[in-house]
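Chemist: If you scroll down you'll find the structure; I have some questions about it.
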Protein chains: 2
Amino acid sequence: MKMEPKKSILPNQYLIIGFCSIITLGSFLLFLPISQRSGIHIHYLDALFTSASAVCVTGLVTLDVAATFNLFGRTVIALLILLGGLGFASFVMSFSMLLGWNIGISKRSVVREAYNLGSLKGTLQVVKTVTYASLIFEVGGTLIEFFIFRKTYPPLQALGHAAFNAISAFNNAGFDLMGGYRSLTGFRGNILMNLTTALLIIIGGTGFFVLSDIARNRRWKKLSMHSRIVILMNLALIVTGTLGIIILEHTDLLSSFFQSVTARTAGFNTIDIGKMSEPGQFLMMVLMFIGASPGSTGGGIKTTTTFAMIISLGSMIFRREPAVFQRRISNESILKAFQVFLLALLVVILGVFLIAVSEAGRFSFLQISFEGVSAFATVGLSTGITPFLGSFSKVVLMIIMFIGRLGPFTIASSLRARESVLKYVEEQVFIG
Amino acid sequence: MKMEPKKSILPNQYLIIGFCSIITLGSFLLFLPISQRSGIHIHYLDALFTSASAVCVTGLVTLDVAATFNLFGRTVIALLILLGGLGFASFVMSFSMLLGWNIGISKRSVVREAYNLGSLKGTLQVVKTVTYASLIFEVGGTLIEFFIFRKTYPPLQALGHAAFNAISAFNNAGFDLMGGYRSLTGFRGNILMNLTTALLIIIGGTGFFVLSDIARNRRWKKLSMHSRIVILMNLALIVTGTLGIIILEHTDLLSSFFQSVTARTAGFNTIDIGKMSEPGQFLMMVLMFIGASPGSTGGGIKTTTTFAMIISLGSMIFRREPAVFQRRISNESILKAFQVFLLALLVVILGVFLIAVSEAGRFSFLQISFEGVSAFATVGLSTGITPFLGSFSKVVLMIIMFIGRLGPFTIASSLRARESVLKYVEEQVFIG
Ligand SMILES: [K+]
Ligand SMILES: [K+]
């Protein structure tokens, strides 16, 4: 096969094939009667949707997970979330390491694509850090939440709920096991529960670069521009979101804070999203669309992408360099940010448009847009319409989730391997 | 005053002040009883809105123009459209030329900003061409439409309707004088009326660069990249829009074609927009948002802006240069395109959000978004809710129209005159 090296499989294509395989495998397992409670029969499409939603750590559901799946089924879902959250590639890498396999360049570049790393160097170290850190936070979260669930459930069940919830939070999966699409609405006033979950979500969504940067350098001045931007954007978005929800929905501080955190991109809810006002839902959509930070378990176009675009706009308006913290953001970064943004917007708009046409007025455009953005940013918040969508719409949502999880950029750049070398003369176009 | 040259008024600021002055003057004239039919009393805000809508060649209305204003009032509106359509700056220039005034650099750069010209050279020539060409097309259109209106109206009234309609079409104003918010719904089946109006709209929206390029070079191969892109995008958008409307709304070819043309950005309608399906309305919003071409009477983010972004996305996906017609589109053009797009999106989103909050659920988010996009792209199509909006919402719509007409870029860059000279070290940010 060395005769045509240009036709070898690209790292991106490995990733796509890997995710697809796991989703398919998961769907088979969930479709088997051993995964379901007795007396329950589900369509294969719903098993597929559940598997895709779990692997893409989204949490959108077409059925009531708690009422449909038994302990085995829910364990399968938890494993699918773990696989999806750590990232398929990262999982393969850790597995290989455990078995002492020799890891070649080609496999390392799979991880590079999965985490959008700039270089191959240190990739192995990243995978180790990712795996250990994840485990520590997940175990810690499980312990704290165990004591909360212990008040209502017998020990084993409480441990199960706590573990599922902690994994779900840290991996920004937001899967709802409470039953009746309740998510965490039952814990709305529980400060410890809200803060633990929010903390797991924030740490999981910050991205491992930033976490290891903080662990290594400890001081603001020593942090990279990337880390500072991520921290700044996190603060700004959480505060803006919290205030916005308080003003629009007249909710208390804790619920608003929790909802602001979870919109990017965990997808738990303590407030009934379907009952929010349209501007409130729209605010949630903006938060969801922006999402978490690069190299994290979260989705969306990412905080840094948003920041780069804002800086670029500011530089245009105030006629200065696109700089922050005495550093200029490279033109390539800015251009890539705009490309990611537009591509994401096009994916969501096309998907929402197709669903709206196929549902023929059964749901409002805003409701459908909400589910579309939620799917793309792998958030999983819902106005409650997803279980009632037609098969075509469910398939579209699944595709949006898939593209959103792997990143439209990853999918798009898997189409062609090599750069074109043609060079043309430049010419101006009048813009705007 | 030569002591502080850096504090002199920028061309952009001239433009803004000029537009504001004309809008204010128009609002006073329209508010006076001599402009209104007997027995009519209007709020000043509605007079201001009508004047702003006319000067910004939008055509959104908060009242029934035909039922409110008498011949004098309607003539004022027609003049305001003419002023707004030719562009305030261009008008000042032509006026100066007629009187043989000497035109200095500072005044010429006003025209440059108004038409987003790349250089000062040939600006005078452009103004002449613009003025003469406009007159020729407007007179031609008036003649043809006179014979159509002559069938229903007495000669003088027919001439008035024909002139108003031709001016309105060529300047992409789309103002509705038929009464009862009917626009051209009464002429839905009239082929000559539809084609004449569509042609005036297309020519008016193509932009004078392209028109003079065609007049000078006559052959496709000799046209500039800019002109070819404009022609290509016009065709693509008209065809896509027509097919989309036929499929979504099951309308006939003529109505669909007309509605597709007029969405960018004339704003006439032969179909009742409020009765279209939500996907149909959304398609119209996309067409409106893209709008006409640079240097034209139309609004929106412009065909070339859209094209530059599409090419940039394509170049990213297929890993090649952002080139078309064997010419590379400059990185500056592409970056400016994305900036214009994002700024436009932010203006519309912020405006729609404010209106949605202030209307507190009286209208759906899609309806409000439709009016917001329509205002921004100075289209003037409406789902019919504008007359029923609260005062705050009307003010927001007016501001959106104003920003949309002058271009968010023009307004933004009027904030600061000089480039900052600080240079920073570049650093990478992880994107997407
Ligand atoms: K999620
Ligand atoms: K218009």
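Chain labels run A, B, ... following the order of the structure tokens; each chain numbers its residues from 1, and ligands are numbered from 1 in the order shown.
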Listing only residues of chain B within 6 Å of ligand 2, what is the closest atom pair and its distance in Å (to one decimal) for each, using only C-alpha atoms and all ligand atoms, sorted by chain and residue number ascending, as a tab-separated table?
Modeler:
residue	atom	partner	partner_atom_place_in_ligand_line	distance
B:Val57	CA	ligand 2	1 (K)	5.1
B:Thr58	CA	ligand 2	1 (K)	3.7
B:Gly59	CA	ligand 2	1 (K)	5.1
B:Asn172	CA	ligand 2	1 (K)	4.7
B:Ala173	CA	ligand 2	1 (K)	3.6
B:Gly174	CA	ligand 2	1 (K)	4.6
B:Thr265	CA	ligand 2	1 (K)	5.2
B:Ala266	CA	ligand 2	1 (K)	4.0
B:Gly267	CA	ligand 2	1 (K)	4.7
B:Thr378	CA	ligand 2	1 (K)	4.8
B:Val379	CA	ligand 2	1 (K)	3.5
B:Gly380	CA	ligand 2	1 (K)	4.9
Chemist: Go ahead and dump the residues you just picked, N, CA and C atoms, as an mmCIF file, in the first residue's frame.
Modeler:
data_model
loop_
_atom_site.group_PDB
_atom_site.id
_atom_site.type_symbol
_atom_site.label_atom_id
_atom_site.label_comp_id
_atom_site.auth_asym_id
_atom_site.auth_seq_id
_atom_site.Cartn_x
_atom_site.Cartn_y
_atom_site.Cartn_z
ATOM 1 N N VAL B 57 -34.366 54.545 1.700
ATOM 2 C CA VAL B 57 -34.985 53.747 0.627
ATOM 3 C C VAL B 57 -35.404 52.356 1.099
ATOM 4 N N THR B 58 -36.052 52.330 2.244
ATOM 5 C CA THR B 58 -36.462 51.045 2.796
ATOM 6 C C THR B 58 -37.884 50.683 2.396
ATOM 7 N N GLY B 59 -38.838 51.519 2.811
ATOM 8 C CA GLY B 59 -40.212 51.223 2.460
ATOM 9 C C GLY B 59 -41.003 50.541 3.554
ATOM 10 N N ASN B 172 -34.689 51.012 -5.496
ATOM 11 C CA ASN B 172 -34.880 49.917 -4.544
ATOM 12 C C ASN B 172 -35.589 50.357 -3.271
ATOM 13 N N ALA B 173 -36.498 51.336 -3.428
ATOM 14 C CA ALA B 173 -37.193 51.869 -2.265
ATOM 15 C C ALA B 173 -38.404 51.013 -1.917
ATOM 16 N N GLY B 174 -39.123 50.601 -2.936
ATOM 17 C CA GLY B 174 -40.246 49.697 -2.707
ATOM 18 C C GLY B 174 -41.403 50.308 -1.943
ATOM 19 N N THR B 265 -33.171 44.378 -3.073
ATOM 20 C CA THR B 265 -33.693 44.800 -1.812
ATOM 21 C C THR B 265 -34.812 45.806 -2.016
ATOM 22 N N ALA B 266 -35.585 45.626 -3.087
ATOM 23 C CA ALA B 266 -36.610 46.607 -3.428
ATOM 24 C C ALA B 266 -37.749 46.618 -2.414
ATOM 25 N N GLY B 267 -38.294 45.442 -2.153
ATOM 26 C CA GLY B 267 -39.317 45.366 -1.127
ATOM 27 C C GLY B 267 -40.744 45.507 -1.610
ATOM 28 N N THR B 378 -32.661 47.465 4.173
ATOM 29 C CA THR B 378 -33.498 48.501 3.553
ATOM 30 C C THR B 378 -34.391 47.912 2.471
ATOM 31 N N VAL B 379 -35.033 46.801 2.800
ATOM 32 C CA VAL B 379 -35.913 46.120 1.854
ATOM 33 C C VAL B 379 -37.340 46.654 1.971
ATOM 34 N N GLY B 380 -37.856 46.594 3.182
ATOM 35 C CA GLY B 380 -39.190 47.118 3.389
ATOM 36 C C GLY B 380 -40.296 46.087 3.297
#
Chemist: Hey, which residues come within 12 Å of ligand 1 if we count only C-alpha atoms and all ligand atoms? Could you give them as number ranges by chain?
Modeler: A: 52-61, 81, 84-85, 165, 167-176, 183, 201, 204-205, 261-269, 288, 291-292, 297-300, 373-382, 401, 404-405
Chemist: Go ahead and write the residues just picked, C-alpha atoms, as an mmCIF file, in the first residue's frame.
Modeler:
data_model
loop_
_atom_site.group_PDB
_atom_site.id
_atom_site.type_symbol
_atom_site.label_atom_id
_atom_site.label_comp_id
_atom_site.auth_asym_id
_atom_site.auth_seq_id
_atom_site.Cartn_x
_atom_site.Cartn_y
_atom_site.Cartn_z
ATOM 1 C CA ALA A 52 -25.260 9.320 18.741
ATOM 2 C CA SER A 53 -26.385 11.760 21.418
ATOM 3 C CA ALA A 54 -24.285 9.926 24.021
ATOM 4 C CA VAL A 55 -21.125 9.581 21.908
ATOM 5 C CA CYS A 56 -21.450 13.228 20.800
ATOM 6 C CA VAL A 57 -21.933 14.097 24.509
ATOM 7 C CA THR A 58 -25.031 16.048 23.572
ATOM 8 C CA GLY A 59 -27.873 14.780 25.726
ATOM 9 C CA LEU A 60 -30.715 15.549 23.328
ATOM 10 C CA VAL A 61 -33.133 12.637 23.582
ATOM 11 C CA ILE A 81 -20.444 9.235 26.996
ATOM 12 C CA GLY A 84 -17.207 10.332 23.379
ATOM 13 C CA GLY A 85 -16.075 12.709 26.099
ATOM 14 C CA ASN A 165 -24.141 12.686 36.942
ATOM 15 C CA ILE A 167 -19.351 11.869 34.309
ATOM 16 C CA SER A 168 -22.185 13.570 32.487
ATOM 17 C CA ALA A 169 -21.244 16.978 33.939
ATOM 18 C CA PHE A 170 -17.483 16.767 33.491
ATOM 19 C CA ASN A 171 -17.845 15.529 29.918
ATOM 20 C CA ASN A 172 -20.452 18.194 29.233
ATOM 21 C CA ALA A 173 -22.861 15.462 28.239
ATOM 22 C CA GLY A 174 -25.798 16.623 30.326
ATOM 23 C CA PHE A 175 -27.652 13.355 29.983
ATOM 24 C CA ASP A 176 -30.819 13.179 31.995
ATOM 25 C CA SER A 183 -32.941 16.845 34.308
ATOM 26 C CA ILE A 201 -18.917 21.608 33.823
ATOM 27 C CA GLY A 204 -14.515 20.115 31.750
ATOM 28 C CA GLY A 205 -15.340 22.913 29.321
ATOM 29 C CA VAL A 261 -22.997 27.746 32.911
ATOM 30 C CA THR A 262 -24.839 24.727 31.618
ATOM 31 C CA ALA A 263 -25.869 26.365 28.359
ATOM 32 C CA ARG A 264 -22.197 26.209 27.345
ATOM 33 C CA THR A 265 -22.383 23.189 26.688
ATOM 34 C CA ALA A 266 -23.386 20.736 29.397
ATOM 35 C CA GLY A 267 -27.110 20.923 28.845
ATOM 36 C CA PHE A 268 -28.476 20.236 32.296
ATOM 37 C CA ASN A 269 -31.402 22.354 33.283
ATOM 38 C CA MET A 288 -24.959 27.492 23.348
ATOM 39 C CA GLY A 291 -20.036 27.027 23.665
ATOM 40 C CA ALA A 292 -16.918 25.865 25.499
ATOM 41 C CA THR A 297 -15.249 18.142 26.150
ATOM 42 C CA GLY A 298 -17.632 20.944 25.174
ATOM 43 C CA GLY A 299 -18.945 22.015 21.797
ATOM 44 C CA GLY A 300 -19.967 25.186 20.027
ATOM 45 C CA VAL A 373 -28.202 25.018 17.927
ATOM 46 C CA SER A 374 -28.426 22.679 20.914
ATOM 47 C CA ALA A 375 -27.541 19.724 18.694
ATOM 48 C CA PHE A 376 -24.732 21.527 16.902
ATOM 49 C CA ALA A 377 -23.129 22.772 20.115
ATOM 50 C CA THR A 378 -23.740 19.322 21.648
ATOM 51 C CA VAL A 379 -25.598 20.990 24.520
ATOM 52 C CA GLY A 380 -28.729 18.920 24.728
ATOM 53 C CA LEU A 381 -31.023 21.579 26.156
ATOM 54 C CA SER A 382 -34.451 21.334 24.604
ATOM 55 C CA MET A 401 -24.811 16.661 16.403
ATOM 56 C CA GLY A 404 -20.947 19.684 15.795
ATOM 57 C CA ARG A 405 -19.025 17.173 17.890
#
Chemist: Which residues are near Ile301 (chain A)? Cut-off 10 Å, only C-alpha atoms, ignore same chain within fewer than 6 positions. Put them as JSON, numbers by chain.
Modeler: {"A": [288, 289, 290, 291, 292, 293, 294, 337, 338, 340, 341, 342, 343, 344, 345, 376, 377, 404, 407, 408], "B": [431, 432]}
Chemist: Between CA of Ile403 (chain B) and CA of Leu313 (chain A), what is the distance, to one decimal in Å?
Modeler: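 These two atoms are separated by 15.9 Å.
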Chemist: Give me, please, the distance in Å between CA of His250 (chain B) and CA of Ile271 (chain B), quoted to one decimal.
Modeler: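 Distance reported for this atom pair: 11.5 Å.
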Chemist: Enumerate as a ChimeraX atom specification all residues of region 290-331 of chain A assigned to strand (DSSP E or B) by DSSP on the backbone, naming them with the chain letters and numbers the document uses.
Modeler: /A:323-324,327-329
Chemist: Between B:Gly160, B:Gly207, B:Pro155, B:Gly73, which residue has the minimum interatomic distance to chain A, considering only C-alpha atoms?
Modeler: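 Using only C-alpha atoms, the shortest distance to chain A belongs to B:Gly207.
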Chemist: So how many Å separate CA of Ser38 (chain B) and CA of Val65 (chain B), to one decimal?
Modeler: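 Computed distance, CA of Ser38 (chain B) to CA of Val65 (chain B), equals 13.8 Å.
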Chemist: Excluding same-chain residues fewer than 6 positions from Leu397 (chain B), what lies within 9 Å of it counting only C-alpha atoms, as a PyMOL selection string?
Modeler: chain B and resi 49+351-352+355+371-372+375-376+386
Chemist: Taking N, CA and C atoms for each residue, export the selection above as a PDB file, in the first residue's frame.
Modeler:
ATOM      1  N   PHE B  49     -40.511  58.204  11.198  1.00  0.00           N
ATOM      2  CA  PHE B  49     -40.282  56.863  10.667  1.00  0.00           C
ATOM      3  C   PHE B  49     -40.450  56.859   9.149  1.00  0.00           C
ATOM      4  N   GLY B 351     -30.813  44.439  17.589  1.00  0.00           N
ATOM      5  CA  GLY B 351     -32.062  45.162  17.370  1.00  0.00           C
ATOM      6  C   GLY B 351     -33.272  44.272  17.579  1.00  0.00           C
ATOM      7  N   VAL B 352     -33.241  43.085  16.963  1.00  0.00           N
ATOM      8  CA  VAL B 352     -34.360  42.150  17.078  1.00  0.00           C
ATOM      9  C   VAL B 352     -34.564  41.751  18.536  1.00  0.00           C
ATOM     10  N   ILE B 355     -36.248  44.579  20.416  1.00  0.00           N
ATOM     11  CA  ILE B 355     -37.666  44.667  20.042  1.00  0.00           C
ATOM     12  C   ILE B 355     -38.449  43.519  20.678  1.00  0.00           C
ATOM     13  N   GLU B 371     -38.779  41.689  10.236  1.00  0.00           N
ATOM     14  CA  GLU B 371     -38.795  43.151  10.152  1.00  0.00           C
ATOM     15  C   GLU B 371     -37.391  43.718  10.372  1.00  0.00           C
ATOM     16  N   GLY B 372     -36.637  43.089  11.285  1.00  0.00           N
ATOM     17  CA  GLY B 372     -35.276  43.553  11.575  1.00  0.00           C
ATOM     18  C   GLY B 372     -34.369  43.427  10.358  1.00  0.00           C
ATOM     19  N   ALA B 375     -35.456  45.848   7.674  1.00  0.00           N
ATOM     20  CA  ALA B 375     -35.009  47.214   7.965  1.00  0.00           C
ATOM     21  C   ALA B 375     -33.522  47.349   7.675  1.00  0.00           C
ATOM     22  N   PHE B 376     -32.732  46.394   8.153  1.00  0.00           N
ATOM     23  CA  PHE B 376     -31.290  46.491   7.971  1.00  0.00           C
ATOM     24  C   PHE B 376     -30.911  46.520   6.498  1.00  0.00           C
ATOM     25  N   THR B 386     -45.191  45.821  11.591  1.00  0.00           N
ATOM     26  CA  THR B 386     -44.564  47.110  11.892  1.00  0.00           C
ATOM     27  C   THR B 386     -45.546  48.191  12.366  1.00  0.00           C
TER      28      THR B 386
END
